[in-house]
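Peer 1: Okay, here's the structure, questions in a sec.
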Amino acid sequence: MKFRGIVPGLIILLALGFVIYRLTYKPSSPSREGLYRLIGTKLGESFSNYLSEKGKVIVFTSGGDEFYVEGLKKSLSAKKITIKVVSISRIETKSETDYEDKLLEFYNQELSENPDVCAIIFLSQFPQLPSSPSMGKQIV
């Protein structure tokens with residue numbers, strides 16, 4: 001008979017502890033790399049709906065996108081789609097016309113080496129043309 005007041009007191013104490021824990025608990029935010037990997041996975045899942053099974057995808061990247069690519073590989077490998085990752089580096093030229101020609105030559109070479117490609121993904125912008133004093137001026 002002495003335990004009548006202890007049991008409800010323990011239940012109240014346990015409930016109060018749980019409420020305090022829930023009010024003060026803050027889950028850790030996902031790491032940037034994990035978030036990028038998740039975005040790549042979701043991109044690959046939605047993209048794979050439009051691809052034939054056992055196809056080949058070329059992913060053009062400029063570096064720093066390796067976590068997106070990991071996510072893409074994870075989701076596209078479920079459909080047995082192979083991924084070729086091609087790093088795009090800076091193209092050194094003197095004129096804008098030469099730059100466009102070299103860029104077109106680069107993409108054409110990659111596509112001719114992989115005729116069985118069913119899709120192309122760009123995870124980066126086109127490589128930037130190096131700035132020079134004559135470039136970037138606007139004619140008014």
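By convention here, the chains of the structure tokens are called A, B, ... in the order presented, each chain's residues are numbered starting at 1, and ligands are numbered starting at 1 in the order presented.
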Any idea what's packed within 12 Å of Gly55 (chain A), counting only C-alpha atoms, ignoring anything in its chain fewer than 2 positions away? Could you give it as a list in words?

Peer 2: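 Contacts, with the query itself left out: Ser48, Tyr50, Leu51, Ser52, Glu53, Val57, Ile58, Leu76, Ser77, Ala78, Lys79, Lys80, Ile81, Thr82, Ile83, Lys84, Asn114, Pro115, Asp116, Val117, Cys118, Ala119 and Ile120 of chain A.
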
Peer 1: Keeping N, CA and C atoms, export the residues of the selection given above as a PDB file, in the first residue's frame.

Peer 2:
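Output (out_12.pdb):
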ATOM      1  N   SER A  48      15.408   7.913 -64.884  1.00  0.00           N
ATOM      2  CA  SER A  48      15.418   6.525 -65.371  1.00  0.00           C
ATOM      3  C   SER A  48      14.068   6.101 -65.942  1.00  0.00           C
ATOM      4  N   TYR A  50      12.527   7.536 -68.181  1.00  0.00           N
ATOM      5  CA  TYR A  50      12.529   7.870 -69.604  1.00  0.00           C
ATOM      6  C   TYR A  50      13.616   7.141 -70.387  1.00  0.00           C
ATOM      7  N   LEU A  51      14.392   6.302 -69.728  1.00  0.00           N
ATOM      8  CA  LEU A  51      15.502   5.617 -70.381  1.00  0.00           C
ATOM      9  C   LEU A  51      15.184   4.149 -70.603  1.00  0.00           C
ATOM     10  N   SER A  52      15.749   3.605 -71.673  1.00  0.00           N
ATOM     11  CA  SER A  52      15.592   2.175 -71.908  1.00  0.00           C
ATOM     12  C   SER A  52      16.534   1.412 -70.978  1.00  0.00           C
ATOM     13  N   GLU A  53      16.139   0.208 -70.631  1.00  0.00           N
ATOM     14  CA  GLU A  53      16.975  -0.596 -69.740  1.00  0.00           C
ATOM     15  C   GLU A  53      18.272  -0.983 -70.449  1.00  0.00           C
ATOM     16  N   VAL A  57      24.596   6.300 -70.335  1.00  0.00           N
ATOM     17  CA  VAL A  57      24.423   7.720 -70.095  1.00  0.00           C
ATOM     18  C   VAL A  57      25.795   8.353 -69.927  1.00  0.00           C
ATOM     19  N   ILE A  58      25.998   9.504 -70.575  1.00  0.00           N
ATOM     20  CA  ILE A  58      27.222  10.280 -70.367  1.00  0.00           C
ATOM     21  C   ILE A  58      26.870  11.437 -69.447  1.00  0.00           C
ATOM     22  N   LEU A  76      20.549   4.746 -61.106  1.00  0.00           N
ATOM     23  CA  LEU A  76      20.498   4.234 -62.473  1.00  0.00           C
ATOM     24  C   LEU A  76      21.005   2.805 -62.586  1.00  0.00           C
ATOM     25  N   SER A  77      21.834   2.371 -61.642  1.00  0.00           N
ATOM     26  CA  SER A  77      22.336   1.000 -61.704  1.00  0.00           C
ATOM     27  C   SER A  77      21.219  -0.016 -61.469  1.00  0.00           C
ATOM     28  N   ALA A  78      20.132   0.400 -60.843  1.00  0.00           N
ATOM     29  CA  ALA A  78      19.010  -0.510 -60.627  1.00  0.00           C
ATOM     30  C   ALA A  78      18.390  -0.945 -61.955  1.00  0.00           C
ATOM     31  N   LYS A  79      18.481  -0.103 -62.974  1.00  0.00           N
ATOM     32  CA  LYS A  79      17.967  -0.448 -64.303  1.00  0.00           C
ATOM     33  C   LYS A  79      19.075  -0.942 -65.223  1.00  0.00           C
ATOM     34  N   LYS A  80      20.234  -1.202 -64.665  1.00  0.00           N
ATOM     35  CA  LYS A  80      21.395  -1.679 -65.423  1.00  0.00           C
ATOM     36  C   LYS A  80      21.823  -0.676 -66.495  1.00  0.00           C
ATOM     37  N   ILE A  81      21.740   0.588 -66.145  1.00  0.00           N
ATOM     38  CA  ILE A  81      22.180   1.656 -67.033  1.00  0.00           C
ATOM     39  C   ILE A  81      23.598   2.020 -66.630  1.00  0.00           C
ATOM     40  N   THR A  82      24.515   2.028 -67.584  1.00  0.00           N
ATOM     41  CA  THR A  82      25.898   2.377 -67.279  1.00  0.00           C
ATOM     42  C   THR A  82      26.096   3.877 -67.435  1.00  0.00           C
ATOM     43  N   ILE A  83      26.997   4.387 -66.617  1.00  0.00           N
ATOM     44  CA  ILE A  83      27.282   5.824 -66.612  1.00  0.00           C
ATOM     45  C   ILE A  83      28.747   6.033 -66.939  1.00  0.00           C
ATOM     46  N   LYS A  84      28.989   6.929 -67.870  1.00  0.00           N
ATOM     47  CA  LYS A  84      30.354   7.357 -68.159  1.00  0.00           C
ATOM     48  C   LYS A  84      30.456   8.813 -67.722  1.00  0.00           C
ATOM     49  N   ASN A 114      31.144   7.037 -78.158  1.00  0.00           N
ATOM     50  CA  ASN A 114      30.077   6.325 -77.456  1.00  0.00           C
ATOM     51  C   ASN A 114      28.789   6.384 -78.280  1.00  0.00           C
ATOM     52  N   PRO A 115      28.721   5.633 -79.376  1.00  0.00           N
ATOM     53  CA  PRO A 115      27.541   5.719 -80.236  1.00  0.00           C
ATOM     54  C   PRO A 115      26.274   5.121 -79.611  1.00  0.00           C
ATOM     55  N   ASP A 116      26.429   4.330 -78.561  1.00  0.00           N
ATOM     56  CA  ASP A 116      25.277   3.682 -77.940  1.00  0.00           C
ATOM     57  C   ASP A 116      24.678   4.497 -76.796  1.00  0.00           C
ATOM     58  N   VAL A 117      24.975   5.768 -76.754  1.00  0.00           N
ATOM     59  CA  VAL A 117      24.473   6.636 -75.677  1.00  0.00           C
ATOM     60  C   VAL A 117      22.984   6.878 -75.864  1.00  0.00           C
ATOM     61  N   CYS A 118      22.234   6.729 -74.776  1.00  0.00           N
ATOM     62  CA  CYS A 118      20.799   6.997 -74.843  1.00  0.00           C
ATOM     63  C   CYS A 118      20.433   8.312 -74.152  1.00  0.00           C
ATOM     64  N   ALA A 119      21.370   8.904 -73.405  1.00  0.00           N
ATOM     65  CA  ALA A 119      21.079  10.172 -72.731  1.00  0.00           C
ATOM     66  C   ALA A 119      22.372  10.880 -72.359  1.00  0.00           C
ATOM     67  N   ILE A 120      22.263  12.198 -72.245  1.00  0.00           N
ATOM     68  CA  ILE A 120      23.387  13.030 -71.825  1.00  0.00           C
ATOM     69  C   ILE A 120      22.906  13.894 -70.664  1.00  0.00           C
TER      70      ILE A 120
END

Peer 1: Quick one, how far is CA of Thr41 (chain A) from CA of Leu72 (chain A)?

Peer 2: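 Computing the Euclidean distance for CA of Thr41 (chain A) and CA of Leu72 (chain A) yields 5.0 Å.
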
Peer 1: For CA of Phe106 (chain A) and CA of Phe122 (chain A), determine how far apart the two atoms are, in Å to one decimal place.

Peer 2: 14.0 Å

Peer 1: With only C-alpha atoms as the atoms that count, which of A:Glu110, A:Tyr68, A:Ser87, A:Leu104 lies nearest to Gly34 (chain A)?

Peer 2: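 Nearest to Gly34 (chain A): A:Tyr68.
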
Peer 1: Point out the residue among A:Tyr21, A:Leu16, A:Ser75, A:Ser89 with the least atom-to-atom distance to Phe60 (chain A), counting only C-alpha atoms.

Peer 2: A:Ser89

Peer 1: Rounded to one decimal, what separation in Å do you get between CA of Val69 (chain A) and CA of Val85 (chain A)?

Peer 2: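 According to the coordinates, CA of Val69 (chain A) and CA of Val85 (chain A) are separated by 8.0 Å.
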
Peer 1: In chain A, what's helix (DSSP H, G or I) per DSSP? Answer as a PyMOL selection string?

Peer 2: chain A and resi 6-24+32-48+66-79+96-113

Peer 1: Here is a test: counting only C-alpha atoms, which residue of A:Lys56, A:Ser62, A:Ile121, A:Asp101 is nearest to Gly40 (chain A)?

Peer 2: A:Ile121

Peer 1: As a ChimeraX atom specification, which residues of region 3-138 of chain A does DSSP assign to strand (DSSP E)?

Peer 2: /A:56-61,82-87,117-122
